[in-house]
Structure formats: C-alpha cells, structure tokens
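What's in target-v9.txt: compact mmCIF, C-alpha atoms
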# COMPACT_ATOMS: atom_id res chain seq x y z
CA MET A 1 81.39 95.05 98.14
CA ALA A 2 83.52 96.03 95.17
CA SER A 3 81.53 99.16 94.38
CA GLY A 4 81.56 100.21 98.04
CA THR A 5 85.33 99.75 98.22
CA ALA A 6 85.78 101.77 95.03
CA ALA A 7 83.70 104.62 96.42
CA MET A 8 85.71 104.66 99.64
CA GLU A 9 88.94 104.62 97.65
CA ASN A 10 87.84 107.54 95.47
CA ALA A 11 87.05 109.58 98.57
CA ALA A 12 90.70 109.28 99.60
CA TRP A 13 92.20 109.80 96.18
CA ILE A 14 93.96 112.71 94.53
CA ASP A 15 93.52 112.88 90.77
CA CYS A 16 96.36 111.12 88.91
CA GLU A 17 97.05 114.20 86.80
CA LYS A 18 97.33 116.31 89.94
CA ILE A 19 99.65 113.76 91.53
CA ASP A 20 101.91 114.12 88.50
CA GLN A 21 101.87 117.90 88.87
CA LEU A 22 102.72 117.73 92.56
CA LEU A 23 105.54 115.25 92.02
CA HIS A 24 107.16 117.22 89.22
CA GLN A 25 106.56 120.83 90.21
CA HIS A 26 109.49 123.05 91.13
CA ILE A 27 110.39 122.67 94.81
CA ARG A 28 110.97 125.75 96.94
CA VAL A 29 112.30 125.15 100.43
CA LEU A 30 112.30 127.70 103.24
CA VAL A 31 114.61 126.97 106.17
CA SER A 32 114.13 128.94 109.37
CA VAL A 33 117.43 129.18 111.25
CA ASP A 34 117.83 130.53 114.76
CA GLY A 35 121.13 129.05 115.95
CA SER A 36 119.52 126.23 117.95
CA ASP A 37 120.88 122.72 117.50
CA GLN A 38 117.67 121.43 115.93
CA SER A 39 117.39 124.20 113.33
CA SER A 40 121.11 123.84 112.53
CA CYS A 41 120.63 120.11 112.02
CA ALA A 42 117.65 120.80 109.76
CA PHE A 43 119.77 123.20 107.70
CA GLU A 44 122.51 120.57 107.36
CA TRP A 45 120.00 118.00 106.08
CA VAL A 46 118.57 120.38 103.49
CA LEU A 47 121.97 121.58 102.35
CA HIS A 48 123.87 118.28 102.20
CA GLY A 49 121.03 115.92 101.37
CA PHE A 50 117.86 117.25 99.86
CA THR A 51 119.25 120.03 97.65
CA GLN A 52 122.11 117.84 96.45
CA SER A 53 119.79 115.08 95.22
CA ASP A 54 117.39 117.51 93.51
CA ARG A 55 119.44 120.11 91.65
CA GLU A 56 116.34 122.08 90.68
CA THR A 57 115.42 122.92 94.27
CA ASP A 58 115.44 126.58 95.32
CA LEU A 59 116.46 127.36 98.89
CA LEU A 60 115.57 130.37 101.04
CA ILE A 61 117.28 130.65 104.42
CA VAL A 62 115.42 132.98 106.77
CA HIS A 63 116.47 134.46 110.10
CA TYR A 64 114.63 137.09 112.11
CA TYR A 65 116.63 138.88 114.78
CA ASP A 66 115.83 141.14 117.71
CA ASP A 67 118.53 143.65 118.63
CA THR A 68 117.02 144.16 122.07
CA LYS A 69 118.08 140.64 123.10
CA GLU A 70 121.67 141.48 123.97
CA TYR A 71 121.86 138.56 126.38
CA LEU A 72 121.88 135.92 123.63
CA PRO A 73 124.94 133.65 123.38
CA PRO A 74 127.25 134.38 120.41
CA LYS A 75 126.02 131.53 118.19
CA TRP A 76 122.42 132.79 118.45
CA ARG A 77 123.23 136.31 117.32
CA ARG A 78 122.52 137.76 113.90
CA ASN A 79 126.10 138.06 112.60
CA ALA A 80 127.08 134.52 113.58
CA ILE A 81 123.96 132.97 112.05
CA GLN A 82 124.30 134.96 108.83
CA ALA A 83 128.02 134.19 108.47
CA ASP A 84 127.42 130.48 109.04
CA ALA A 85 124.62 130.35 106.45
CA GLU A 86 126.65 132.25 103.85
CA ALA A 87 129.74 130.08 104.34
CA LYS A 88 127.81 126.83 103.99
CA CYS A 89 125.71 127.91 101.02
CA THR A 90 128.64 129.26 99.01
CA SER A 91 130.48 125.98 99.60
CA TYR A 92 127.73 123.70 98.32
CA LEU A 93 125.37 125.66 96.06
CA VAL A 94 125.64 128.00 93.11
CA SER A 95 124.39 131.48 93.93
CA LYS A 96 121.25 131.28 91.77
CA ARG A 97 119.90 128.37 93.82
CA TYR A 98 119.70 130.07 97.20
CA ALA A 99 118.91 133.32 98.95
CA ILE A 100 119.60 134.38 102.53
CA SER A 101 117.17 136.72 104.25
CA VAL A 102 118.21 138.23 107.58
CA ARG A 103 115.68 140.77 108.80
CA GLN A 104 114.77 142.51 112.00
CA ARG A 105 111.70 141.18 113.71
CA SER A 106 108.74 143.55 113.60
CA PRO A 107 107.89 144.72 117.14
CA GLY A 108 104.95 142.83 118.58
CA VAL A 109 104.71 140.40 115.65
CA LYS A 110 105.44 136.70 116.16
CA ILE A 111 108.18 135.22 114.03
CA GLY A 112 105.75 132.48 113.04
CA VAL A 113 103.45 135.10 111.51
CA LEU A 114 106.36 136.59 109.54
CA LEU A 115 107.34 133.12 108.32
CA CYS A 116 103.79 132.48 107.11
CA GLN A 117 104.00 135.65 105.03
CA ASP A 118 107.35 134.51 103.60
CA ILE A 119 105.79 131.15 102.73
CA LYS A 120 102.97 132.89 100.89
CA ASP A 121 105.25 135.34 99.07
CA GLN A 122 107.71 132.65 97.95
CA GLY A 123 105.20 129.94 97.04
CA THR A 124 107.03 127.63 99.43
CA SER A 125 106.68 123.86 99.04
CA PHE A 126 108.34 122.87 102.33
CA CYS A 127 109.14 124.89 105.44
CA VAL A 128 111.92 123.32 107.51
CA MET A 129 112.17 124.22 111.21
CA GLY A 130 113.48 123.02 114.54
CA PHE A 131 110.85 121.41 116.76
CA ALA A 132 111.42 123.32 119.98
CA GLY A 133 113.14 126.57 119.01
CA ARG A 134 115.53 128.38 121.32
CA LYS A 135 113.34 128.25 124.41
CA GLY A 136 112.30 124.63 124.12
CA LYS A 137 114.64 122.62 126.27
CA ASP A 138 112.01 119.90 126.55
CA ARG A 139 111.88 117.81 123.35
CA HIS A 140 108.18 117.15 124.00
CA ILE A 141 107.11 120.81 123.93
CA ILE A 142 106.60 122.12 120.41
CA GLY A 143 107.67 125.67 119.62
CA SER A 144 105.01 128.35 119.19
CA ASN A 145 106.41 129.42 115.81
CA VAL A 146 106.17 125.85 114.54
CA LEU A 147 102.54 125.71 115.60
CA GLU A 148 101.88 129.02 113.85
CA VAL A 149 103.36 127.72 110.58
CA MET A 150 101.40 124.47 110.86
CA GLN A 151 98.23 126.43 111.48
CA ARG A 152 98.50 129.16 108.86
CA GLY A 153 101.51 128.45 106.66
CA LYS A 154 99.61 126.37 104.08
CA CYS A 155 102.67 124.41 103.04
CA SER A 156 104.17 121.13 104.20
CA CYS A 157 106.28 121.54 107.33
CA VAL A 158 109.40 119.48 108.08
CA VAL A 159 109.92 119.57 111.84
CA PHE A 160 113.33 118.51 113.14
CA LYS A 161 113.81 116.99 116.57
CA GLU A 162 117.23 115.58 115.76
CA ALA A 163 120.03 117.79 117.05
CA ASP A 164 123.05 115.65 116.11
CA PRO A 165 124.16 116.06 112.46
CA SER A 166 126.07 112.76 112.60
CA LYS A 167 122.73 110.92 112.83
CA LEU A 168 121.32 112.45 109.65
CA PRO A 169 120.64 110.08 106.71
CA LEU A 170 123.20 111.69 104.42
CA LYS A 171 125.52 108.76 103.67
CA ARG A 172 122.90 106.06 104.01
CA PRO A 173 119.34 105.53 102.75
CA ALA A 174 116.72 107.51 104.65
CA LYS A 175 113.73 105.76 106.17
CA PHE A 176 110.26 107.30 105.90
CA VAL A 177 107.09 106.08 107.59
CA VAL A 178 103.86 107.46 106.14
CA SER A 179 100.78 107.29 108.34
CA THR A 180 97.96 106.46 105.96
CA GLY A 181 94.21 106.10 105.91
CA LEU A 182 91.26 106.75 103.64
CA ASN A 183 91.68 110.50 103.28
CA PRO A 184 93.40 112.62 100.62
CA ALA A 185 95.67 114.30 103.19
CA ALA A 186 97.30 110.90 103.83
CA THR A 187 97.81 110.50 100.08
CA LYS A 188 99.49 113.92 100.03
CA ALA A 189 101.82 112.73 102.82
CA PHE A 190 102.96 109.85 100.60
CA ILE A 191 103.49 112.24 97.68
CA ASP A 192 105.63 114.45 99.90
CA ALA A 193 107.65 111.43 101.01
CA LEU A 194 108.46 110.72 97.37
CA ARG A 195 109.44 114.35 96.80
CA LEU A 196 111.72 114.45 99.84
CA SER A 197 113.30 111.07 99.19
CA ARG A 198 116.39 110.11 97.21
CA PRO A 199 117.09 106.99 95.13
CA GLY A 200 117.46 103.99 97.42
CA ASP A 201 115.46 105.49 100.29
CA HIS A 202 112.90 103.34 102.09
CA ILE A 203 109.27 104.45 102.31
CA HIS A 204 106.87 102.39 104.40
CA VAL A 205 103.22 103.33 104.06
CA VAL A 206 101.65 102.17 107.31
CA TYR A 207 98.00 101.59 108.13
CA ILE A 208 97.18 100.57 111.69
CA ARG A 209 94.66 97.75 111.54
CA PRO A 210 92.14 97.93 114.38
CA TYR A 211 92.74 95.46 117.17
CA LEU A 212 89.39 93.73 116.61
CA GLU A 213 89.78 93.33 112.84
CA PRO A 214 90.52 89.66 112.09
CA HIS A 215 93.49 88.97 109.83
CA SER A 216 91.50 86.32 108.00
CA LYS A 217 88.88 88.83 106.87
CA GLU A 218 89.94 92.31 105.78
CA SER A 219 87.55 95.20 106.29
CA ARG A 220 86.42 97.34 103.37
CA VAL A 221 88.74 100.10 104.55
CA THR A 222 91.74 97.78 104.55
CA GLN A 223 90.81 96.47 101.10
CA ALA A 224 90.46 100.00 99.73
CA ILE A 225 93.86 101.05 101.09
CA ARG A 226 95.51 97.92 99.72
CA HIS A 227 94.02 98.46 96.25
CA LYS A 228 94.89 102.15 96.28
CA TYR A 229 98.58 101.66 97.01
CA ASP A 230 98.94 98.54 94.88
CA SER A 231 97.89 100.75 91.95
CA ILE A 232 100.41 103.46 92.85
CA PHE A 233 103.27 101.01 93.40
CA GLU A 234 102.51 99.28 90.10
CA GLY A 235 102.64 102.65 88.35
CA MET A 236 106.06 103.29 89.90
CA GLN A 237 107.43 100.10 88.33
CA ASP A 238 105.55 100.00 85.02
CA ALA A 239 104.93 103.14 82.97
CA ALA A 240 101.99 101.47 81.24
CA ALA A 241 100.20 101.10 84.58
CA TRP A 242 100.00 104.86 85.19
CA PRO A 243 98.04 107.23 82.90
CA SER A 244 101.01 109.50 82.16
CA GLY A 245 103.77 106.98 82.83
CA LYS A 246 105.60 109.59 84.92
CA MET A 247 105.53 107.68 88.20
CA VAL A 248 108.42 105.48 87.02
CA LYS A 249 110.71 108.38 87.87
CA PHE A 250 110.47 107.10 91.45
CA LYS A 251 110.97 103.40 90.74
CA ASP A 252 114.33 103.47 92.54
CA ARG A 253 112.60 104.12 95.89
CA ILE A 254 112.00 101.05 98.04
CA VAL A 255 108.31 101.25 98.93
CA LYS A 256 106.22 98.93 101.04
CA LEU A 257 102.63 98.88 102.26
CA VAL A 258 102.38 97.70 105.86
CA PHE A 259 99.26 96.74 107.79
CA ALA A 260 100.58 97.04 111.33
CA PRO A 261 98.50 95.50 114.11
CA GLN A 262 97.09 97.60 116.88
CA GLY A 263 97.96 96.19 120.28
CA ILE A 264 95.48 95.69 123.08
CA ASN A 265 94.93 98.91 125.04
CA GLU A 266 97.04 100.73 122.44
CA GLY A 267 95.96 103.82 120.53
CA ILE A 268 96.49 104.27 116.79
CA ALA A 269 99.16 106.91 117.36
CA GLN A 270 101.01 104.69 119.83
CA ALA A 271 100.95 101.77 117.39
CA LEU A 272 102.28 103.96 114.57
CA VAL A 273 105.06 105.36 116.74
CA ARG A 274 105.95 101.85 117.91
CA TYR A 275 106.29 100.70 114.30
CA ALA A 276 108.36 103.77 113.36
CA ASN A 277 110.69 103.25 116.31
CA ASN A 278 111.19 99.56 115.49
CA PHE A 279 111.86 100.49 111.86
CA GLU A 280 114.30 103.18 113.05
CA ALA A 281 112.57 105.73 110.85
CA ASP A 282 114.23 109.07 110.17
CA PHE A 283 110.95 110.78 109.29
CA VAL A 284 107.31 110.13 110.09
CA MET A 285 104.82 111.70 107.68
CA VAL A 286 101.29 112.75 108.63
CA GLY A 287 98.77 114.60 106.49
CA THR A 288 96.47 117.46 107.39
CA ASN A 289 93.77 119.42 105.60
CA VAL A 290 94.62 123.15 105.60
CA LEU A 291 90.92 124.04 105.75
CA ARG A 292 90.66 122.58 109.27
CA VAL A 293 91.74 125.90 110.76
CA GLU A 294 89.22 127.88 108.71
CA LYS A 295 86.53 125.61 110.13
CA GLY A 296 87.64 126.40 113.67
CA LYS A 297 89.49 123.12 114.21
CA PRO A 298 93.09 122.60 115.39
CA PRO A 299 95.66 122.40 112.55
CA LEU A 300 96.21 118.69 113.24
CA GLY A 301 93.78 115.94 114.13
CA SER A 302 94.23 114.32 117.52
CA VAL A 303 95.95 111.19 116.17
CA SER A 304 98.36 113.11 113.92
CA LEU A 305 99.22 115.54 116.70
CA GLN A 306 99.89 112.67 119.10
CA ILE A 307 102.20 111.07 116.54
CA VAL A 308 104.15 114.32 116.10
CA MET A 309 104.47 114.78 119.84
CA GLU A 310 105.39 111.19 120.74
CA PHE A 311 107.70 110.16 117.90
CA PRO A 312 111.24 111.00 119.03
CA GLY A 313 112.52 111.63 115.51
CA ASN A 314 111.74 114.14 112.77
CA CYS A 315 108.20 114.64 111.49
CA VAL A 316 106.69 116.00 108.30
CA VAL A 317 103.22 117.53 108.43
CA SER A 318 101.99 117.39 104.85
CA SER A 319 99.59 120.13 103.92
CA PHE A 320 96.66 119.16 101.72
CA ASN A 321 94.55 121.95 100.23
CA PRO A 322 91.31 120.70 98.61
CA ASP A 323 91.07 123.92 96.60
CA THR A 324 94.41 123.39 94.84
CA ASP A 325 95.31 119.71 95.28
CA ALA A 326 92.19 118.49 93.47
CA ALA A 327 90.83 115.51 95.34
CA VAL A 328 88.42 113.38 93.38
CA THR A 329 84.89 113.59 94.71
CA ALA A 330 83.36 110.30 95.78
CA LYS A 331 80.69 109.11 93.41
Let me see whether you can do it: turn the structure in this file into structure tokens.
Amino acid sequence: MASGTAAMENAAWIDCEKIDQLLHQHIRVLVSVDGSDQSSCAFEWVLHGFTQSDRETDLLIVHYYDDTKEYLPPKWRRNAIQADAEAKCTSYLVSKRYAISVRQRSPGVKIGVLLCQDIKDQGTSFCVMGFAGRKGKDRHIIGSNVLEVMQRGKCSCVVFKEADPSKLPLKRPAKFVVSTGLNPAATKAFIDALRLSRPGDHIHVVYIRPYLEPHSKESRVTQAIRHKYDSIFEGMQDAAAWPSGKMVKFKDRIVKLVFAPQGINEGIAQALVRYANNFEADFVMVGTNVLRVEKGKPPLGSVSLQIVMEFPGNCVVSSFNPDTDAAVTAK
C-alpha cells in the first residue's frame, strides 16, 4: 500500500528544486485592457493588489484597437483606454516597472493570436483578461480571445468575471480555492496560488472525495494527496522540512487541505463550485497541461472547463508545461 501510494504521489509531483524556481522567478504580468468592466476590474486588481505586494513584478498593459470601429462608445476607444492606463500606472508604479502597448490590430488577425505572440515575446508568467470581452453580455459565455490565450498562450491565465472594483480583495485577505488531484497540473495551480497571494490570504486546496468513498477508509488517491500536501505545508512552516528551506517565505499564507464530499447526483465540478461559493472564494484555480492542444485535445479537461464556466467568480487556469516545469517521472 505504501509503495503504491508513493508511486501515485510521484506521478503528480513537480520536483522540489523546480518548485523553488517557479516560486521565486521574476513575475511578468500582461494585462489585456479593452474598456469593458471586467477587464477594467482585472487591471485594478493587478495595479492596486498584486503589483503592490510584489515590488519585483513587471507589468505590461496591452490594448489592440481597430480604427474602423467608429461606433464604439467613448470609454472603449483607443485614446480613452490609453489615457486611463497611463494615469493609473504613473500614480502607483515607477516607470521602470510597467510598459503600455497600444497598437493597431492587424487586419484579419484575432486579438487572441496577437496576445499569444506578446506572451511569447515577453516571457509572460500571467495573462490577465476579462472573461467575456466587449461582446459578451452573458457572463456564462467565454470570450473567443480568452479561449485563444488558454489554448495557445502557454502561460497561466487569470480570467476576471467580477466587474465591480469595490468587491475586489484589496483591503481584506483574498480567498483562493485550488482544485487538486493526482496530476502535476494541479500542483502547478497551487504554486500559482502562492505566487498570486499576499500575506494573510487564505488558500484552500480542495479534493472532491467520490460519493461512494467511505470516510472511515481513505482510498489510495486520497492518502497520496494528503501526504503530498502535508509535506508541502510542513515545508512552509519549517525550513528544515524542505530541501532548500525556501518554502518558509510563504508561511504567512493561511493554507488548508480540504476533502470535500461529493453529493449524490452531483458532478465533481459542481461539488467544487459549491464549496467555492460557500467559502466565498475570490479565485478558483484549475490546472491544465499545455501539451493537450498539441495532442488534439481541448485546452481544458471537461471538469476544469465546467468549473471555469459555472463558478461565478474569477478563475485562474494554471499552465503546466512538462518540458519546462519538470515533473518527476513515476518510478
């Protein structure tokens, strides 16, 4: 039993040295602004929260405009968006920490494709976007540019559904829910939660226990997940419990491993969303393997996609690349 659990755990693990590199590497954030309420709210969160807590973060604000769209309302036009971005950045950041790129959209090329090129050129860590874009009046219909970035951007994508800046976790601790399982992409989602969080923030790592799994007898999967995160959490509190001792940098985060029950006639995604709603989470984190698309699969698995679509709050799709994020091979 023990050896089987260890093998399952290794299959879902990212090498400790690589975790240290991911947690301490320079963060580059790209924010796509288009004048919509959701993208504006995303910009506010990055500017007033994330970049203020991590003074080493570099910020690139990107806007692509189309001069043929003369019908756009004033706040969606190039000059208004650029002026707003410049005013806010100069008020809160020194000039060396940000750049504003306002460029004309290439005819016939989707903005999502242009953003993917920006992500590649800048070595972006996180791309922050509004969920629906300008055309998406329905909060349950994801924007095409967001899908393009998820599919080909090869960086973690922070997708904002919140449109009211007053509800942002700027003057209170943020709440993160990480959907976990025995796969390295889920581990990457937890790493991203640590990177996006501030001291005092709450991070709940949630595994949905199958409805038929008895509480009196944990499955090997449940045991492996428990052991995996117990080791990480111990390393966050005690430098001697982590090979490099660097995890203690995040000891001021409030972390918790939760085994949430799956209800009868309830899917895994529904159970996760139910937990996140009850917890009043600000962000739900899901992981995805970037090589899915190259194998002809959708950018997100069915459960992760359902979580992103059904959770009413903001979501983070954490990008895991086996070629660069160095998962340990199961023995």
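Interatomic distance, atom CA of A:Arg78 against atom CA of A:Ser125: 25.8 Å.
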One decimal, in Å: what's the spacing between atom CA of A:Leu170 and atom CA of A:Trp45?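 Computing the Euclidean distance for atom CA of A:Leu170 and atom CA of A:Trp45 yields 7.3 Å.
Each of A:Lys120, A:Lys110, A:Lys75, A:Arg226 was checked against A:Arg28 using only C-alpha atoms; the smallest atom-to-atom distance is that of A:Lys120.
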Write out as a compact mmCIF listing (two decimals) with C-alpha atoms, keeping the file's coordinate frame each polymer residue whose atoms come within 9 Å of A:Ser319, counting only C-alpha atoms; drop sequence neighbours fewer than 3 positions from it.
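Full text of around-v4.txt as output:
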# COMPACT_ATOMS: atom_id res chain seq x y z
CA MET A 150 101.40 124.47 110.86
CA GLY A 153 101.51 128.45 106.66
CA LYS A 154 99.61 126.37 104.08
CA CYS A 155 102.67 124.41 103.04
CA SER A 156 104.17 121.13 104.20
CA CYS A 157 106.28 121.54 107.33
CA ALA A 185 95.67 114.30 103.19
CA LYS A 188 99.49 113.92 100.03
CA ALA A 189 101.82 112.73 102.82
CA VAL A 286 101.29 112.75 108.63
CA GLY A 287 98.77 114.60 106.49
CA THR A 288 96.47 117.46 107.39
CA ASN A 289 93.77 119.42 105.60
CA VAL A 290 94.62 123.15 105.60
Proximity of stretch 132-206 of chain A to stretch 229-246 of chain A: per-residue shortest pair, 12 Å limit, only C-alpha atoms, as JSON lines:
{"residue": "A:Thr180", "atom": "CA", "partner": "A:Tyr229", "partner_atom": "CA", "distance": 10.2}
{"residue": "A:Gly181", "atom": "CA", "partner": "A:Tyr229", "partner_atom": "CA", "distance": 10.9}
{"residue": "A:Leu182", "atom": "CA", "partner": "A:Tyr229", "partner_atom": "CA", "distance": 11.1}
{"residue": "A:Ala186", "atom": "CA", "partner": "A:Tyr229", "partner_atom": "CA", "distance": 11.6}
{"residue": "A:Thr187", "atom": "CA", "partner": "A:Tyr229", "partner_atom": "CA", "distance": 9.4}
{"residue": "A:Phe190", "atom": "CA", "partner": "A:Tyr229", "partner_atom": "CA", "distance": 10.0}
{"residue": "A:Ile191", "atom": "CA", "partner": "A:Ile232", "partner_atom": "CA", "distance": 10.5}
{"residue": "A:Leu194", "atom": "CA", "partner": "A:Met236", "partner_atom": "CA", "distance": 10.8}
{"residue": "A:Ile203", "atom": "CA", "partner": "A:Phe233", "partner_atom": "CA", "distance": 11.3}
{"residue": "A:His204", "atom": "CA", "partner": "A:Tyr229", "partner_atom": "CA", "distance": 11.1}
{"residue": "A:Val205", "atom": "CA", "partner": "A:Tyr229", "partner_atom": "CA", "distance": 8.6}
{"residue": "A:Val206", "atom": "CA", "partner": "A:Tyr229", "partner_atom": "CA", "distance": 10.8}
Point-to-point distance in Å for atom CA of A:Pro210 and atom CA of A:Ile268: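 Here the two named atoms are 8.1 Å from each other.
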Skipping near chain neighbours, those fewer than 5 positions away, what residues fall within 9 Å of stretch 277-280 of chain A using only C-alpha atoms, listed as an mmCIF file with C-alpha atoms, keeping the file's coordinate frame?
data_model
loop_
_atom_site.group_PDB
_atom_site.id
_atom_site.type_symbol
_atom_site.label_atom_id
_atom_site.label_comp_id
_atom_site.auth_asym_id
_atom_site.auth_seq_id
_atom_site.Cartn_x
_atom_site.Cartn_y
_atom_site.Cartn_z
ATOM 1 C CA LYS A 175 113.730 105.760 106.170
ATOM 2 C CA VAL A 177 107.090 106.080 107.590
ATOM 3 C CA LEU A 272 102.280 103.960 114.570
ATOM 4 C CA PHE A 311 107.700 110.160 117.900
ATOM 5 C CA PRO A 312 111.240 111.000 119.030
ATOM 6 C CA GLY A 313 112.520 111.630 115.510
#
Extract, using all atoms listed in the file, all DNA, RNA and protein residues at most 9 Å from stretch 89-94 of chain A, discarding same-chain residues fewer than 5 positions from it, and format them as a VMD selection string. chain A and resid 47 to 48 51 to 52 84 99
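Of the listed residues (A:Gly112, A:Ser179, A:Ala193, A:Val255), A:Ser179 comes nearest to A:Ala276; the distances count only C-alpha atoms.
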Distance query A:Gly200 at most 7 Å, all atoms listed in the file, self and fewer than 2 positions along chain excluded, as a list in words: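 The neighbour list is Pro173, Arg198, His202, Asp252, Arg253 and Ile254 of chain A.
Counting only C-alpha atoms and comparing A:Tyr71, A:Trp13, A:Tyr207, A:Phe283, the residue that lies closest to A:Val221 is A:Tyr207.
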Show me, as a compact mmCIF listing (two decimals) with C-alpha atoms, in the frame of the given file, the residues that have an atom within 12 Å of A:Gly130 when counting all atoms listed in the file, minus same-chain residues fewer than 6 positions from it.
# COMPACT_ATOMS: atom_id res chain seq x y z
CA VAL A 31 114.61 126.97 106.17
CA SER A 32 114.13 128.94 109.37
CA VAL A 33 117.43 129.18 111.25
CA ASP A 34 117.83 130.53 114.76
CA GLY A 35 121.13 129.05 115.95
CA SER A 36 119.52 126.23 117.95
CA ASP A 37 120.88 122.72 117.50
CA GLN A 38 117.67 121.43 115.93
CA SER A 39 117.39 124.20 113.33
CA SER A 40 121.11 123.84 112.53
CA CYS A 41 120.63 120.11 112.02
CA ALA A 42 117.65 120.80 109.76
CA PHE A 43 119.77 123.20 107.70
CA GLU A 44 122.51 120.57 107.36
CA TRP A 45 120.00 118.00 106.08
CA GLY A 136 112.30 124.63 124.12
CA LYS A 137 114.64 122.62 126.27
CA ARG A 139 111.88 117.81 123.35
CA ILE A 141 107.11 120.81 123.93
CA ILE A 142 106.60 122.12 120.41
CA GLY A 143 107.67 125.67 119.62
CA SER A 144 105.01 128.35 119.19
CA ASN A 145 106.41 129.42 115.81
CA VAL A 146 106.17 125.85 114.54
CA LEU A 147 102.54 125.71 115.60
CA VAL A 149 103.36 127.72 110.58
CA CYS A 157 106.28 121.54 107.33
CA VAL A 158 109.40 119.48 108.08
CA VAL A 159 109.92 119.57 111.84
CA PHE A 160 113.33 118.51 113.14
CA LYS A 161 113.81 116.99 116.57
CA GLU A 162 117.23 115.58 115.76
CA ALA A 163 120.03 117.79 117.05
CA GLY A 313 112.52 111.63 115.51
CA ASN A 314 111.74 114.14 112.77
CA CYS A 315 108.20 114.64 111.49
CA VAL A 316 106.69 116.00 108.30
Nearest to A:Phe176: which of A:Met129, A:Val102, A:Ala269, A:Met285 is it, counting only C-alpha atoms?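 Closest residue, counting only C-alpha atoms: A:Met285.
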Taking only C-alpha atoms into account, name the residue in A:Pro184, A:Gly108, A:Gly263, A:Gly49 that is nearest to A:Asn321.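 Distance minimum relative to A:Asn321 lands on A:Pro184.
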Looking at all atoms listed in the file, which of A:Gln151, A:Ala281, A:Lys69, A:Leu212 is the one that sits closest to A:Gly301? A:Gln151
Please enclose the listed atoms of stretch 88-101 of chain A in an axis-aligned box, pad each side by 5 Å, and write out the centre and the three edge lengths in Å, rounded to one decimal, as AutoDock Vina command-line options.
--center_x 123.8 --center_y 130.2 --center_z 98.0 --size_x 23.3 --size_y 23.0 --size_z 22.5
